[in-house]
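K.L.:
See upload_23.txt below, with compact mmCIF, C-alpha atoms.
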# COMPACT_ATOMS: atom_id res chain seq x y z
CA MET A 20 -42.75 26.42 192.55
CA PRO A 21 -40.41 28.91 194.26
CA LYS A 22 -41.88 31.85 196.12
CA PRO A 23 -41.38 35.26 194.53
CA SER A 24 -38.90 37.51 196.26
CA ASN A 25 -40.18 40.34 198.43
CA ASN A 26 -37.89 42.68 196.49
CA ILE A 27 -40.03 42.51 193.35
CA ARG A 28 -41.54 45.92 192.54
CA SER A 29 -43.82 47.14 189.81
CA ILE A 30 -42.55 49.31 186.98
CA SER A 31 -44.35 52.35 188.36
CA GLN A 32 -42.64 51.82 191.72
CA LEU A 33 -39.26 51.63 190.00
CA ILE A 34 -39.93 54.89 188.18
CA THR A 35 -41.31 56.82 191.15
CA ASP A 36 -38.96 55.55 193.85
CA SER A 37 -35.76 57.37 194.60
CA ASN A 38 -33.75 55.58 191.92
CA ASP A 39 -31.60 58.48 190.76
CA ILE A 40 -30.03 56.70 187.80
CA LEU A 41 -33.31 55.54 186.32
CA GLN A 42 -34.93 58.89 187.01
CA SER A 43 -32.11 60.76 185.25
CA LEU A 44 -32.33 58.43 182.25
CA ILE A 45 -36.07 59.03 181.98
CA THR A 46 -35.57 62.80 182.26
CA GLN A 47 -32.81 62.78 179.66
CA SER A 48 -34.93 60.68 177.31
CA GLN A 49 -37.83 63.10 177.65
CA GLN A 50 -35.54 66.07 176.97
CA LEU A 51 -34.11 64.47 173.83
CA LYS A 52 -37.64 63.64 172.61
CA SER A 53 -38.79 67.23 173.17
CA ILE A 54 -35.80 68.51 171.19
CA GLU A 55 -36.69 66.12 168.36
CA ASP A 56 -40.22 67.52 168.41
CA ILE A 57 -38.92 71.10 168.21
CA ILE A 58 -36.66 70.56 165.19
CA THR A 59 -38.69 67.96 163.30
CA ASP A 60 -40.35 70.65 161.16
CA ILE A 61 -36.97 72.06 160.12
CA ILE A 62 -35.21 68.82 159.26
CA PRO A 63 -36.75 67.08 156.22
CA VAL A 64 -35.19 63.68 157.02
CA ILE A 65 -35.71 60.91 159.55
CA PHE A 66 -33.33 61.42 162.48
CA ASN A 67 -32.85 60.84 166.19
CA VAL A 68 -31.19 63.05 168.77
CA GLY A 69 -28.37 60.92 170.12
CA SER A 70 -27.06 63.13 172.91
CA ILE A 71 -26.36 66.63 174.11
CA LYS A 72 -23.09 67.23 175.94
CA SER A 73 -21.24 70.50 176.50
CA GLN A 74 -23.62 72.34 174.17
CA LYS A 75 -22.86 69.86 171.36
CA MET A 76 -25.82 67.96 169.98
CA THR A 77 -25.39 64.67 168.14
CA LEU A 78 -28.00 63.72 165.56
CA ILE A 79 -28.20 60.24 164.08
CA VAL A 80 -29.39 59.62 160.53
CA SER A 81 -29.44 56.55 158.31
CA LYS A 82 -27.93 58.01 155.12
CA ALA A 83 -24.98 60.26 154.33
CA THR A 84 -27.16 62.47 152.15
CA ASP A 85 -29.39 63.11 155.16
CA ALA A 86 -26.34 64.11 157.19
CA THR A 87 -25.39 66.60 154.48
CA ASN A 88 -28.89 68.10 154.49
CA ILE A 89 -28.70 68.58 158.25
CA LYS A 90 -25.26 70.21 158.06
CA TYR A 91 -26.62 72.74 155.53
CA GLN A 92 -29.37 73.64 158.01
CA GLU A 93 -27.18 73.72 161.12
CA GLU A 94 -27.54 77.47 161.76
CA GLN A 95 -31.32 77.36 161.42
CA ILE A 96 -31.53 74.40 163.81
CA ILE A 97 -29.34 76.14 166.39
CA SER A 98 -31.38 79.35 166.21
CA THR A 99 -34.67 77.45 166.52
CA LEU A 100 -33.36 75.67 169.61
CA ALA A 101 -32.14 79.01 171.03
CA LYS A 102 -35.69 80.38 170.73
CA ALA A 103 -36.79 77.42 172.87
CA ASN A 104 -34.07 78.29 175.46
CA ILE A 105 -31.87 75.34 174.50
CA ALA A 106 -28.26 76.42 174.07
CA ILE A 107 -26.46 74.46 171.37
CA GLU A 108 -23.22 75.64 169.79
CA GLU A 109 -22.43 72.75 167.49
CA ILE A 110 -24.23 69.90 165.77
CA LYS A 111 -22.52 66.61 165.03
CA VAL A 112 -24.20 64.20 162.65
CA LYS A 113 -23.53 60.47 162.70
CA VAL A 114 -24.64 58.04 160.02
CA ARG A 115 -25.89 54.76 161.41
CA PRO A 116 -27.77 52.65 158.89
CA ILE A 117 -31.04 51.22 160.09
CA LEU A 118 -30.84 47.44 160.08
CA ASP A 119 -33.66 47.15 157.55
CA THR A 120 -31.79 49.38 155.11
CA ILE A 121 -28.56 47.41 155.10
CA ARG A 122 -28.33 45.83 151.71
CA LYS A 123 -28.15 42.11 151.65
CA LYS A 124 -26.35 40.17 148.97
CA PRO A 125 -28.87 39.57 146.19
CA PRO A 126 -29.69 35.94 145.54
CA SER A 127 -27.76 34.41 142.69
CA PRO A 128 -29.80 33.97 139.53
CA LYS A 129 -31.30 30.59 138.75
CA ILE A 130 -29.34 28.67 136.16
CA SER A 131 -31.22 26.25 133.99
CA GLU A 132 -30.09 22.67 134.18
CA ASN A 133 -29.22 22.49 130.49
CA ALA A 134 -27.29 25.80 130.36
CA SER A 135 -24.05 23.89 130.87
CA LYS A 136 -24.84 21.57 127.95
CA ILE A 137 -25.79 24.44 125.62
CA ILE A 138 -22.57 26.35 126.36
CA SER A 139 -20.57 23.15 125.88
CA ILE A 140 -22.14 22.71 122.42
CA TYR A 141 -21.28 26.31 121.48
CA ALA A 142 -17.73 25.77 122.75
CA ASN A 143 -17.28 22.92 120.26
CA GLU A 144 -18.44 25.15 117.38
CA VAL A 145 -16.16 28.12 118.17
CA LYS A 146 -12.90 28.15 116.21
CA ASP A 147 -11.00 30.62 118.46
CA GLN A 148 -9.00 28.54 120.98
CA GLY A 149 -9.15 31.13 123.81
CA ILE A 150 -12.91 31.61 123.58
CA GLN A 151 -13.39 27.86 123.31
CA GLU A 152 -11.39 27.26 126.53
CA ALA A 153 -13.33 29.98 128.34
CA LEU A 154 -16.67 28.50 127.26
CA VAL A 155 -15.60 25.00 128.36
CA LYS A 156 -14.57 26.37 131.75
CA LEU A 157 -17.89 28.24 132.06
CA SER A 158 -19.78 25.09 131.07
CA LYS A 159 -18.06 23.11 133.83
CA THR A 160 -18.74 25.84 136.39
CA LEU A 161 -22.42 26.03 135.44
CA GLY A 162 -22.65 22.25 135.61
CA LYS A 163 -21.36 22.32 139.19
CA ASN A 164 -23.71 25.18 140.16
CA SER A 165 -26.79 23.47 138.76
CA GLN A 166 -26.00 20.43 140.92
CA GLY A 167 -26.08 22.57 144.05
CA GLU A 168 -22.37 23.21 144.47
CA THR A 169 -21.24 26.79 144.85
CA THR A 170 -18.03 27.63 143.05
CA ASN A 171 -16.82 30.91 141.68
CA PRO A 172 -16.03 30.99 137.98
CA SER A 173 -12.53 32.27 137.43
Would you write the structure of this file as structure tokens?

P.N.:
Amino acid sequence: MPKPSNNIRSISQLITDSNDILQSLITQSQQLKSIEDIITDIIPVIFNVGSIKSQKMTLIVSKATDATNIKYQEEQIISTLAKANIAIEEIKVKVRPILDTIRKKPPSPKISENASKIISIYANEVKDQGIQEALVKLSKTLGKNSQGETTNPS
């Protein structure tokens, strides 16, 4: 088994040592979290503070309707932050769906094994040629789908 390197440090050492980049990321993260805490009571939706640059704050929401709600309350949010000595002139809102909320294609409905046969029987009884051809085509498509093949009826 190889010996561990002498350069291995604990997480607390990494945070407390003079690592300016990591320290600035931690500070920025704490600032963004404190801003979220300040405006959470005003904003009635789930959001995250994405960034603050040049007195422009970016909020991230999961739905467009939430973004609209935030835009309606922009002045109130800015004034609340001003009371906390945080100078913001503009709020940008980005919509980024949460992965759990992305809609997946619903499963195709189960087709009974004899659906194809039943439609084929009805096709033979229909007198209209166009409807009869459509039912025969549907019957063949359903027959393929019930055998496990996936084809699109057209």

K.L.:
Using all atoms listed in the file, list the residues that have an atom at most 12 Å from (-16.7, 26.7, 132.9), coordinates as in the file, as a PyMOL selection string.

P.N.:
chain A and resi 134-139+142+150-164+170-173

K.L.:
Just want the 9 Å neighbourhood of stretch 48-64 of chain A, counted on only C-alpha atoms, with same-chain residues fewer than 6 positions away dropped. Output as a PyMOL selection string.

P.N.:
chain A and resi 70-71+80+85-86+88-89+92+95-96+99-100+103+105

K.L.:
Would you mind reading off the distance between atom CA of A:Ser98 and atom CA of A:Ile65, one decimal, in Å?

P.N.:
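Value for the atom CA of A:Ser98-atom CA of A:Ile65 distance: 20.1 Å.
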
K.L.:
Looking at only C-alpha atoms, which of A:Ile97, A:Lys146, A:Gln47, A:Asp39 is the one that sits closest to A:Lys72?

P.N.:
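Of all the options, A:Gln47 lies closest to A:Lys72.
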
K.L.:
What's around A:Ile110 at 8 Å? Count only C-alpha atoms, leave out sequence neighbours fewer than 4 positions away in its own chain, and write the answer as a list of chain:residue names.

P.N.:
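In the requested format, the answer is A:Lys75, A:Met76, A:Thr77, A:Leu78, A:Lys90, A:Glu93.
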
K.L.:
Please report the interatomic distance between atom CA of A:Ile40 and atom CA of A:Gly69 in Å with one decimal.

P.N.:
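According to the coordinates, atom CA of A:Ile40 and atom CA of A:Gly69 are separated by 18.3 Å.
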